[in-house]
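Below is start_2.cif, which holds mmCIF, C-alpha atoms.
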```cif
data_model
#
loop_
_atom_site.label_atom_id
_atom_site.label_comp_id
_atom_site.auth_asym_id
_atom_site.auth_seq_id
_atom_site.Cartn_x
_atom_site.Cartn_y
_atom_site.Cartn_z
CA MET A 7 0.00 0.00 0.00
CA THR A 8 1.41 3.40 -0.92
CA ALA A 9 1.91 6.16 1.62
CA PHE A 10 -0.84 8.16 -0.08
CA ARG A 11 -3.33 5.30 0.21
CA ARG A 12 -2.35 4.63 3.86
CA SER A 13 -2.86 8.32 4.65
CA THR A 14 -6.25 8.34 2.92
CA VAL A 15 -7.43 5.23 4.80
CA THR A 16 -6.32 6.76 8.12
CA VAL A 17 -8.17 10.01 7.48
CA VAL A 18 -11.34 8.15 6.48
CA ALA A 19 -11.15 5.90 9.57
CA VAL A 20 -10.64 8.84 11.93
CA ALA A 21 -13.50 10.73 10.29
CA ALA A 22 -15.79 7.73 10.70
CA LEU A 23 -14.96 7.42 14.42
CA TRP A 24 -15.45 11.15 14.95
CA ALA A 25 -18.88 11.00 13.29
CA ALA A 26 -19.92 7.94 15.31
CA ALA A 27 -18.65 9.18 18.69
CA PRO A 28 -21.47 11.62 19.54
CA THR A 29 -24.10 8.95 18.89
CA ALA A 30 -22.25 6.30 20.87
CA LEU A 31 -21.40 8.48 23.86
CA ALA A 32 -24.27 10.95 24.13
CA ARG A 33 -26.66 10.49 27.05
CA PRO A 34 -30.11 9.28 25.97
CA VAL A 35 -32.83 11.91 25.77
CA PRO A 36 -36.23 10.35 26.49
CA LYS A 37 -39.28 10.91 24.38
CA PRO A 38 -41.90 13.17 25.99
CA GLN A 39 -43.66 11.34 28.80
CA ILE A 40 -46.81 13.33 27.98
CA VAL A 41 -48.09 14.10 24.48
CA ASP A 42 -51.44 15.86 24.03
CA ALA A 43 -53.59 16.75 21.04
CA VAL A 44 -53.27 20.35 19.86
CA GLY A 45 -56.44 22.43 19.90
CA ASP A 46 -58.26 20.74 22.78
CA ALA A 47 -57.88 23.53 25.38
CA LEU A 48 -60.94 25.35 26.69
CA ALA A 49 -62.06 28.08 24.25
CA GLY A 50 -59.24 27.02 21.93
CA GLU A 51 -56.69 29.24 23.70
CA PRO A 52 -53.28 28.11 22.33
CA SER A 53 -51.27 29.63 25.18
CA ALA A 54 -53.09 27.28 27.55
CA ASP A 55 -52.94 24.26 25.24
CA ILE A 56 -50.54 21.52 26.39
CA VAL A 57 -48.54 19.89 23.58
CA SER A 58 -45.97 17.81 25.49
CA VAL A 59 -44.02 17.43 28.72
CA THR A 60 -40.55 15.89 28.95
CA TYR A 61 -38.61 14.91 32.07
CA THR A 62 -34.86 14.50 31.60
CA THR A 63 -31.58 15.44 33.27
CA GLY A 64 -28.64 17.72 32.68
CA GLY A 65 -25.16 16.85 33.86
CA LYS A 66 -21.58 16.22 32.85
CA GLY A 67 -19.80 13.46 31.02
CA ASN A 68 -21.06 11.01 28.42
CA GLY A 69 -21.95 7.36 28.21
CA ARG A 70 -21.07 5.42 31.35
CA ALA A 71 -19.23 8.46 32.69
CA TYR A 72 -22.39 10.61 32.59
CA VAL A 73 -23.29 12.10 35.98
CA PRO A 74 -26.73 13.76 36.22
CA GLN A 75 -26.78 16.99 38.20
CA LYS A 76 -30.13 18.57 37.37
CA LEU A 77 -33.70 17.47 36.85
CA ILE A 78 -35.03 19.31 33.79
CA VAL A 79 -38.73 19.41 32.98
CA THR A 80 -39.85 20.96 29.69
CA LEU A 81 -43.42 22.02 28.99
CA VAL A 82 -44.32 22.73 25.36
CA LEU A 83 -47.49 24.72 24.65
CA ALA A 84 -49.26 25.48 21.38
CA ASP A 85 -48.29 29.14 21.85
CA ALA A 86 -46.25 31.22 24.28
CA PRO A 87 -47.81 31.65 27.74
CA LYS A 88 -49.43 35.06 28.05
CA GLY A 89 -49.23 35.50 31.80
CA ILE A 90 -53.00 35.70 32.04
CA ALA A 91 -54.04 36.36 35.63
CA ALA A 92 -55.55 33.31 37.32
CA VAL A 93 -54.25 30.78 34.77
CA GLY A 94 -51.81 28.24 36.20
CA TYR A 95 -49.90 25.33 34.69
CA ASN A 96 -49.47 22.29 36.93
CA LEU A 97 -47.14 19.33 36.37
CA ARG A 98 -47.02 16.25 38.55
CA ALA A 99 -45.28 12.88 38.59
CA GLU A 100 -45.17 10.11 41.14
CA THR A 101 -41.79 8.80 42.28
CA ASP A 102 -40.84 5.61 44.07
CA GLY A 103 -38.63 7.46 46.51
CA CYS A 104 -40.18 10.85 47.14
CA GLY A 105 -43.87 10.49 46.44
CA PRO A 106 -45.39 13.20 44.23
CA VAL A 107 -43.11 15.79 42.63
CA ARG A 108 -45.17 18.85 41.68
CA ILE A 109 -44.43 21.99 39.67
CA ARG A 110 -46.79 24.95 39.48
CA PHE A 111 -46.11 27.69 36.89
CA SER A 112 -48.19 30.85 37.41
CA PRO A 113 -46.87 33.58 35.10
CA GLY A 114 -49.80 35.91 35.83
CA ALA A 115 -49.60 35.83 39.62
CA ALA A 116 -49.33 39.28 41.17
CA SER A 117 -47.30 38.41 44.26
CA ARG A 118 -44.80 35.56 44.24
CA ALA A 119 -41.14 35.04 44.98
CA GLY A 120 -40.97 33.70 41.42
CA ASP A 121 -43.47 32.56 38.83
CA THR A 122 -42.93 28.87 39.69
CA SER A 123 -43.13 26.73 42.80
CA ALA A 124 -41.82 23.18 43.10
CA HIS A 125 -42.56 20.53 45.72
CA PHE A 126 -40.31 17.48 45.97
CA GLY A 127 -42.57 15.27 48.08
CA GLY A 128 -40.98 13.50 50.99
CA CYS A 129 -37.42 13.98 49.70
CA SER A 130 -37.20 17.63 50.67
CA GLN A 131 -38.02 19.01 54.10
CA GLN A 132 -37.74 22.67 53.12
CA GLY A 133 -41.21 23.03 51.64
CA PRO A 134 -41.91 24.59 48.25
CA VAL A 135 -39.07 26.19 46.29
CA PHE A 136 -39.88 29.41 44.39
CA PHE A 137 -38.05 30.56 41.27
CA ASN A 138 -38.62 31.87 37.74
CA ALA A 139 -39.08 29.42 34.89
CA ARG A 140 -37.18 29.82 31.63
CA VAL A 141 -39.57 30.80 28.85
CA ASP A 142 -38.48 30.62 25.22
CA GLY A 143 -41.53 31.24 23.05
CA ASN A 144 -43.92 28.32 23.57
CA VAL A 145 -41.33 26.27 25.49
CA VAL A 146 -41.21 26.57 29.29
CA SER A 147 -38.33 24.88 31.15
CA PHE A 148 -37.82 24.16 34.84
CA GLY A 149 -34.48 23.06 36.27
CA PHE A 150 -33.60 21.80 39.76
CA GLY A 151 -30.37 20.59 41.31
CA LEU A 152 -30.79 16.93 42.21
CA SER A 153 -28.73 17.34 45.37
CA SER A 154 -30.73 20.34 46.61
CA ALA A 155 -33.99 18.50 45.91
CA ASN A 156 -32.52 15.39 47.55
CA ILE A 157 -33.57 13.22 44.60
CA GLU A 158 -31.25 10.29 44.00
CA ARG A 159 -30.06 8.56 40.85
CA GLY A 160 -32.25 5.58 40.06
CA THR A 161 -35.44 7.31 41.20
CA ARG A 162 -38.33 6.12 39.05
CA PHE A 163 -40.95 8.59 37.80
CA SER A 164 -44.43 7.49 36.67
CA ASP A 165 -48.08 8.59 36.45
CA PHE A 166 -47.29 11.85 34.68
CA THR A 167 -50.02 14.51 34.58
CA ALA A 168 -50.20 18.08 33.28
CA THR A 169 -53.11 20.45 33.74
CA VAL A 170 -53.98 24.07 33.07
CA ASP A 171 -56.31 25.42 35.75
CA ILE A 172 -57.92 28.52 37.16
CA ASN A 173 -55.74 29.61 40.07
CA ASP A 174 -55.79 32.47 42.52
CA PRO A 175 -54.57 35.54 40.51
CA VAL A 176 -52.66 36.99 43.47
CA THR A 177 -50.94 34.06 45.12
CA GLY A 178 -50.76 31.77 42.11
CA GLU A 179 -51.95 28.94 44.30
CA PHE A 180 -54.88 26.66 43.56
CA GLY A 181 -58.18 28.45 43.09
CA THR A 182 -61.31 26.85 41.69
CA ALA A 183 -59.30 23.84 40.53
CA GLY A 184 -58.68 22.71 44.08
CA PRO A 185 -55.65 20.70 45.17
CA ALA A 186 -56.51 17.88 42.76
CA SER A 187 -55.75 20.04 39.68
CA ASP A 188 -58.72 18.92 37.64
CA GLY A 189 -57.59 20.55 34.41
CA ILE A 190 -60.44 22.96 33.83
CA VAL A 191 -58.70 24.55 30.84
CA ASP A 192 -56.66 21.59 29.57
CA SER A 193 -55.32 18.28 30.87
CA ALA A 194 -53.02 15.54 29.68
CA SER A 195 -51.35 12.47 31.13
CA GLY A 196 -48.82 9.79 30.32
CA ASP A 197 -48.41 6.23 31.60
CA ALA A 198 -44.72 5.87 30.75
CA THR A 199 -42.02 5.40 33.36
CA TRP A 200 -38.69 7.18 33.45
CA VAL A 201 -35.67 6.61 35.69
CA ILE A 202 -32.97 9.15 36.55
CA PRO A 203 -29.84 7.59 34.99
#
```

Show me the file's structure as structure tokens.
Amino acid sequence: MTAFRRSTVTVVAVAALWAAAPTALARPVPKPQIVDAVGDALAGEPSADIVSVTYTTGGKGNGRAYVPQKLIVTLVLADAPKGIAAVGYNLRAETDGCGPVRIRFSPGAASRAGDTSAHFGGCSQQGPVFFNARVDGNVVSFGFGLSSANIERGTRFSDFTATVDINDPVTGEFGTAGPASDGIVDSASGDATWVIP
């Protein structure tokens, strides 16, 4: 084999490994645990119309070296949330270690320490955590440090639900929907299970 041919084969082989590496080493991103039909929200309001909800993690490393550091929950709506007073978005999942993990996003609330509150069931003794969600058009993201929420690797999530309800316009807490979050405006659920890697 000539030097030119050996060089060409080496370049092709390295290029093939480089192209394959991201696929082989990247952490898996789950499909949305909740997928809902578009256009089924009350009065057809797209900003209150649930499209999907995905639970995943953010962390460092790849493949077997991947270490999750954050729980990331992404809510996709048919249109950007408008911050309408008294409209709240509620996400819930059951876990085998903490009980229910709940997120309440109330962009129209008049008085809050943030537009979102999160409850980590029995894993956290500090009560609800308040912060501002990240809103990028019709995509709303919530991120939590796993260590601060005291949620461990291997925790299994199931019984996913998402609702849009009529909440108290001042506190952002449950209003006519009650603590059960009945989904007066829209509701969706998923029966998949997902485990923190």

Legend entry - Contact residues around stretch 47-58 of chain A with only C-alpha atoms at 12 Å, ignoring same-chain residues under 6 positions, as a PyMOL selection string: chain A and resi 37-41+79-90+92-97+111-113+143-147+166-172+189-196

Atoms kept (C-alpha atoms) for selection, written as a PDB file, keeping the file's coordinate frame:
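As a result, part.pdb now contains:
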```pdb
ATOM      1  CA  LYS A  37     -39.280  10.910  24.380  1.00  0.00           C
ATOM      2  CA  PRO A  38     -41.900  13.170  25.990  1.00  0.00           C
ATOM      3  CA  GLN A  39     -43.660  11.340  28.800  1.00  0.00           C
ATOM      4  CA  ILE A  40     -46.810  13.330  27.980  1.00  0.00           C
ATOM      5  CA  VAL A  41     -48.090  14.100  24.480  1.00  0.00           C
ATOM      6  CA  VAL A  79     -38.730  19.410  32.980  1.00  0.00           C
ATOM      7  CA  THR A  80     -39.850  20.960  29.690  1.00  0.00           C
ATOM      8  CA  LEU A  81     -43.420  22.020  28.990  1.00  0.00           C
ATOM      9  CA  VAL A  82     -44.320  22.730  25.360  1.00  0.00           C
ATOM     10  CA  LEU A  83     -47.490  24.720  24.650  1.00  0.00           C
ATOM     11  CA  ALA A  84     -49.260  25.480  21.380  1.00  0.00           C
ATOM     12  CA  ASP A  85     -48.290  29.140  21.850  1.00  0.00           C
ATOM     13  CA  ALA A  86     -46.250  31.220  24.280  1.00  0.00           C
ATOM     14  CA  PRO A  87     -47.810  31.650  27.740  1.00  0.00           C
ATOM     15  CA  LYS A  88     -49.430  35.060  28.050  1.00  0.00           C
ATOM     16  CA  GLY A  89     -49.230  35.500  31.800  1.00  0.00           C
ATOM     17  CA  ILE A  90     -53.000  35.700  32.040  1.00  0.00           C
ATOM     18  CA  ALA A  92     -55.550  33.310  37.320  1.00  0.00           C
ATOM     19  CA  VAL A  93     -54.250  30.780  34.770  1.00  0.00           C
ATOM     20  CA  GLY A  94     -51.810  28.240  36.200  1.00  0.00           C
ATOM     21  CA  TYR A  95     -49.900  25.330  34.690  1.00  0.00           C
ATOM     22  CA  ASN A  96     -49.470  22.290  36.930  1.00  0.00           C
ATOM     23  CA  LEU A  97     -47.140  19.330  36.370  1.00  0.00           C
ATOM     24  CA  PHE A 111     -46.110  27.690  36.890  1.00  0.00           C
ATOM     25  CA  SER A 112     -48.190  30.850  37.410  1.00  0.00           C
ATOM     26  CA  PRO A 113     -46.870  33.580  35.100  1.00  0.00           C
ATOM     27  CA  GLY A 143     -41.530  31.240  23.050  1.00  0.00           C
ATOM     28  CA  ASN A 144     -43.920  28.320  23.570  1.00  0.00           C
ATOM     29  CA  VAL A 145     -41.330  26.270  25.490  1.00  0.00           C
ATOM     30  CA  VAL A 146     -41.210  26.570  29.290  1.00  0.00           C
ATOM     31  CA  SER A 147     -38.330  24.880  31.150  1.00  0.00           C
ATOM     32  CA  PHE A 166     -47.290  11.850  34.680  1.00  0.00           C
ATOM     33  CA  THR A 167     -50.020  14.510  34.580  1.00  0.00           C
ATOM     34  CA  ALA A 168     -50.200  18.080  33.280  1.00  0.00           C
ATOM     35  CA  THR A 169     -53.110  20.450  33.740  1.00  0.00           C
ATOM     36  CA  VAL A 170     -53.980  24.070  33.070  1.00  0.00           C
ATOM     37  CA  ASP A 171     -56.310  25.420  35.750  1.00  0.00           C
ATOM     38  CA  ILE A 172     -57.920  28.520  37.160  1.00  0.00           C
ATOM     39  CA  GLY A 189     -57.590  20.550  34.410  1.00  0.00           C
ATOM     40  CA  ILE A 190     -60.440  22.960  33.830  1.00  0.00           C
ATOM     41  CA  VAL A 191     -58.700  24.550  30.840  1.00  0.00           C
ATOM     42  CA  ASP A 192     -56.660  21.590  29.570  1.00  0.00           C
ATOM     43  CA  SER A 193     -55.320  18.280  30.870  1.00  0.00           C
ATOM     44  CA  ALA A 194     -53.020  15.540  29.680  1.00  0.00           C
ATOM     45  CA  SER A 195     -51.350  12.470  31.130  1.00  0.00           C
ATOM     46  CA  GLY A 196     -48.820   9.790  30.320  1.00  0.00           C
TER      47      GLY A 196
END
```

Inset, instruction - List the neighbours of A:Lys76 out to 10 Å using only C-alpha atoms; skip same-chain residues closer than 5 positions along the sequence, and give me the result as a ChimeraX atom specification. - result: /A:62-66,148-155,157,202

Legend entry - Nearest to A:Ser130, chosen from A:Glu158, A:Asp42, A:Asp142, A:Asp174, with all atoms listed in the file counted in the distances: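 Smallest separation from A:Ser130 among the options: A:Glu158.
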
Inset, instruction - Calculate how many Å separate atom CA of A:Cys104 from atom CA of A:Ile78, rounding to one decimal. - result: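 Here the two named atoms are 16.6 Å from each other.
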
May I have the protein, DNA and RNA residues with any atom at most 8 Å from the point (-45.1, 12.7, 39.1), counting all atoms listed in the file, written as a compact mmCIF listing (two decimals) with C-alpha atoms, in the frame of the given file?
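Below you can see point29.txt, which holds the result:
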```txt
# COMPACT_ATOMS: atom_id res chain seq x y z
CA LEU A 97 -47.14 19.33 36.37
CA ARG A 98 -47.02 16.25 38.55
CA ALA A 99 -45.28 12.88 38.59
CA GLU A 100 -45.17 10.11 41.14
CA THR A 101 -41.79 8.80 42.28
CA GLY A 105 -43.87 10.49 46.44
CA PRO A 106 -45.39 13.20 44.23
CA VAL A 107 -43.11 15.79 42.63
CA ARG A 108 -45.17 18.85 41.68
CA PHE A 163 -40.95 8.59 37.80
CA SER A 164 -44.43 7.49 36.67
CA ASP A 165 -48.08 8.59 36.45
CA PHE A 166 -47.29 11.85 34.68
CA THR A 167 -50.02 14.51 34.58
```

Missing atoms in stretch 136-172 of chain A need filling: write out N, CA and C atoms for it as a short mmCIF file (atom, residue, chain, number, x, y, z; two decimals), keeping the file's coordinate frame.
```cif
data_model
loop_
_atom_site.label_atom_id
_atom_site.label_comp_id
_atom_site.auth_asym_id
_atom_site.auth_seq_id
_atom_site.Cartn_x
_atom_site.Cartn_y
_atom_site.Cartn_z
N PHE A 136 -39.37 28.43 45.34
CA PHE A 136 -39.88 29.41 44.39
C PHE A 136 -38.75 29.93 43.50
N PHE A 137 -39.04 30.07 42.23
CA PHE A 137 -38.05 30.56 41.27
C PHE A 137 -38.78 30.95 39.99
N ASN A 138 -38.04 31.50 39.03
CA ASN A 138 -38.62 31.87 37.74
C ASN A 138 -38.28 30.81 36.70
N ALA A 139 -39.29 30.39 35.96
CA ALA A 139 -39.08 29.42 34.89
C ALA A 139 -38.36 30.11 33.73
N ARG A 140 -37.78 29.30 32.85
CA ARG A 140 -37.18 29.82 31.63
C ARG A 140 -38.20 29.68 30.51
N VAL A 141 -38.56 30.80 29.90
CA VAL A 141 -39.57 30.80 28.85
C VAL A 141 -38.92 31.21 27.54
N ASP A 142 -39.02 30.35 26.54
CA ASP A 142 -38.48 30.62 25.22
C ASP A 142 -39.60 30.36 24.21
N GLY A 143 -40.38 31.41 23.92
CA GLY A 143 -41.53 31.24 23.05
C GLY A 143 -42.57 30.34 23.69
N ASN A 144 -42.90 29.24 23.04
CA ASN A 144 -43.92 28.32 23.57
C ASN A 144 -43.31 27.20 24.41
N VAL A 145 -42.01 27.29 24.70
CA VAL A 145 -41.33 26.27 25.49
C VAL A 145 -40.98 26.83 26.87
N VAL A 146 -41.46 26.15 27.92
CA VAL A 146 -41.21 26.57 29.29
C VAL A 146 -40.39 25.48 29.97
N SER A 147 -39.23 25.86 30.54
CA SER A 147 -38.33 24.88 31.15
C SER A 147 -38.14 25.17 32.63
N PHE A 148 -38.03 24.08 33.39
CA PHE A 148 -37.82 24.16 34.84
C PHE A 148 -36.62 23.28 35.17
N GLY A 149 -35.66 23.83 35.92
CA GLY A 149 -34.48 23.06 36.27
C GLY A 149 -34.22 23.09 37.77
N PHE A 150 -33.84 21.92 38.32
CA PHE A 150 -33.60 21.80 39.76
C PHE A 150 -32.34 20.98 39.99
N GLY A 151 -31.52 21.40 40.92
CA GLY A 151 -30.37 20.59 41.31
C GLY A 151 -30.83 19.34 42.02
N LEU A 152 -30.37 18.18 41.58
CA LEU A 152 -30.79 16.93 42.21
C LEU A 152 -30.37 16.87 43.67
N SER A 153 -29.19 17.40 43.99
CA SER A 153 -28.73 17.34 45.37
C SER A 153 -29.56 18.25 46.27
N SER A 154 -29.92 19.43 45.78
CA SER A 154 -30.73 20.34 46.61
C SER A 154 -32.14 19.81 46.80
N ALA A 155 -32.66 19.10 45.79
CA ALA A 155 -33.99 18.50 45.91
C ALA A 155 -33.94 17.16 46.62
N ASN A 156 -32.72 16.67 46.87
CA ASN A 156 -32.52 15.39 47.55
C ASN A 156 -33.14 14.23 46.78
N ILE A 157 -33.08 14.30 45.45
CA ILE A 157 -33.57 13.22 44.60
C ILE A 157 -32.37 12.42 44.10
N GLU A 158 -32.40 11.13 44.29
CA GLU A 158 -31.25 10.29 44.00
C GLU A 158 -31.30 9.68 42.60
N ARG A 159 -30.14 9.31 42.11
CA ARG A 159 -30.06 8.56 40.85
C ARG A 159 -30.80 7.23 41.03
N GLY A 160 -31.48 6.81 39.99
CA GLY A 160 -32.25 5.58 40.06
C GLY A 160 -33.69 5.79 40.48
N THR A 161 -34.05 7.03 40.83
CA THR A 161 -35.44 7.31 41.20
C THR A 161 -36.33 7.13 39.97
N ARG A 162 -37.42 6.41 40.15
CA ARG A 162 -38.33 6.12 39.05
C ARG A 162 -39.53 7.07 39.09
N PHE A 163 -39.81 7.69 37.94
CA PHE A 163 -40.95 8.59 37.80
C PHE A 163 -42.05 7.88 36.99
N SER A 164 -43.30 8.11 37.37
CA SER A 164 -44.43 7.49 36.67
C SER A 164 -45.68 8.33 36.88
N ASP A 165 -46.78 7.90 36.28
CA ASP A 165 -48.08 8.59 36.45
C ASP A 165 -47.96 10.10 36.21
N PHE A 166 -47.51 10.45 35.03
CA PHE A 166 -47.29 11.85 34.68
C PHE A 166 -48.62 12.53 34.36
N THR A 167 -48.84 13.72 34.91
CA THR A 167 -50.02 14.51 34.58
C THR A 167 -49.63 15.97 34.37
N ALA A 168 -50.38 16.65 33.53
CA ALA A 168 -50.20 18.08 33.28
C ALA A 168 -51.58 18.69 33.14
N THR A 169 -51.82 19.79 33.82
CA THR A 169 -53.11 20.45 33.74
C THR A 169 -52.93 21.96 33.64
N VAL A 170 -53.91 22.60 33.07
CA VAL A 170 -53.98 24.07 33.07
C VAL A 170 -55.28 24.40 33.79
N ASP A 171 -55.18 25.18 34.87
CA ASP A 171 -56.31 25.42 35.75
C ASP A 171 -56.51 26.90 36.05
N ILE A 172 -57.62 27.17 36.69
CA ILE A 172 -57.92 28.52 37.16
C ILE A 172 -57.40 28.63 38.58
#
```
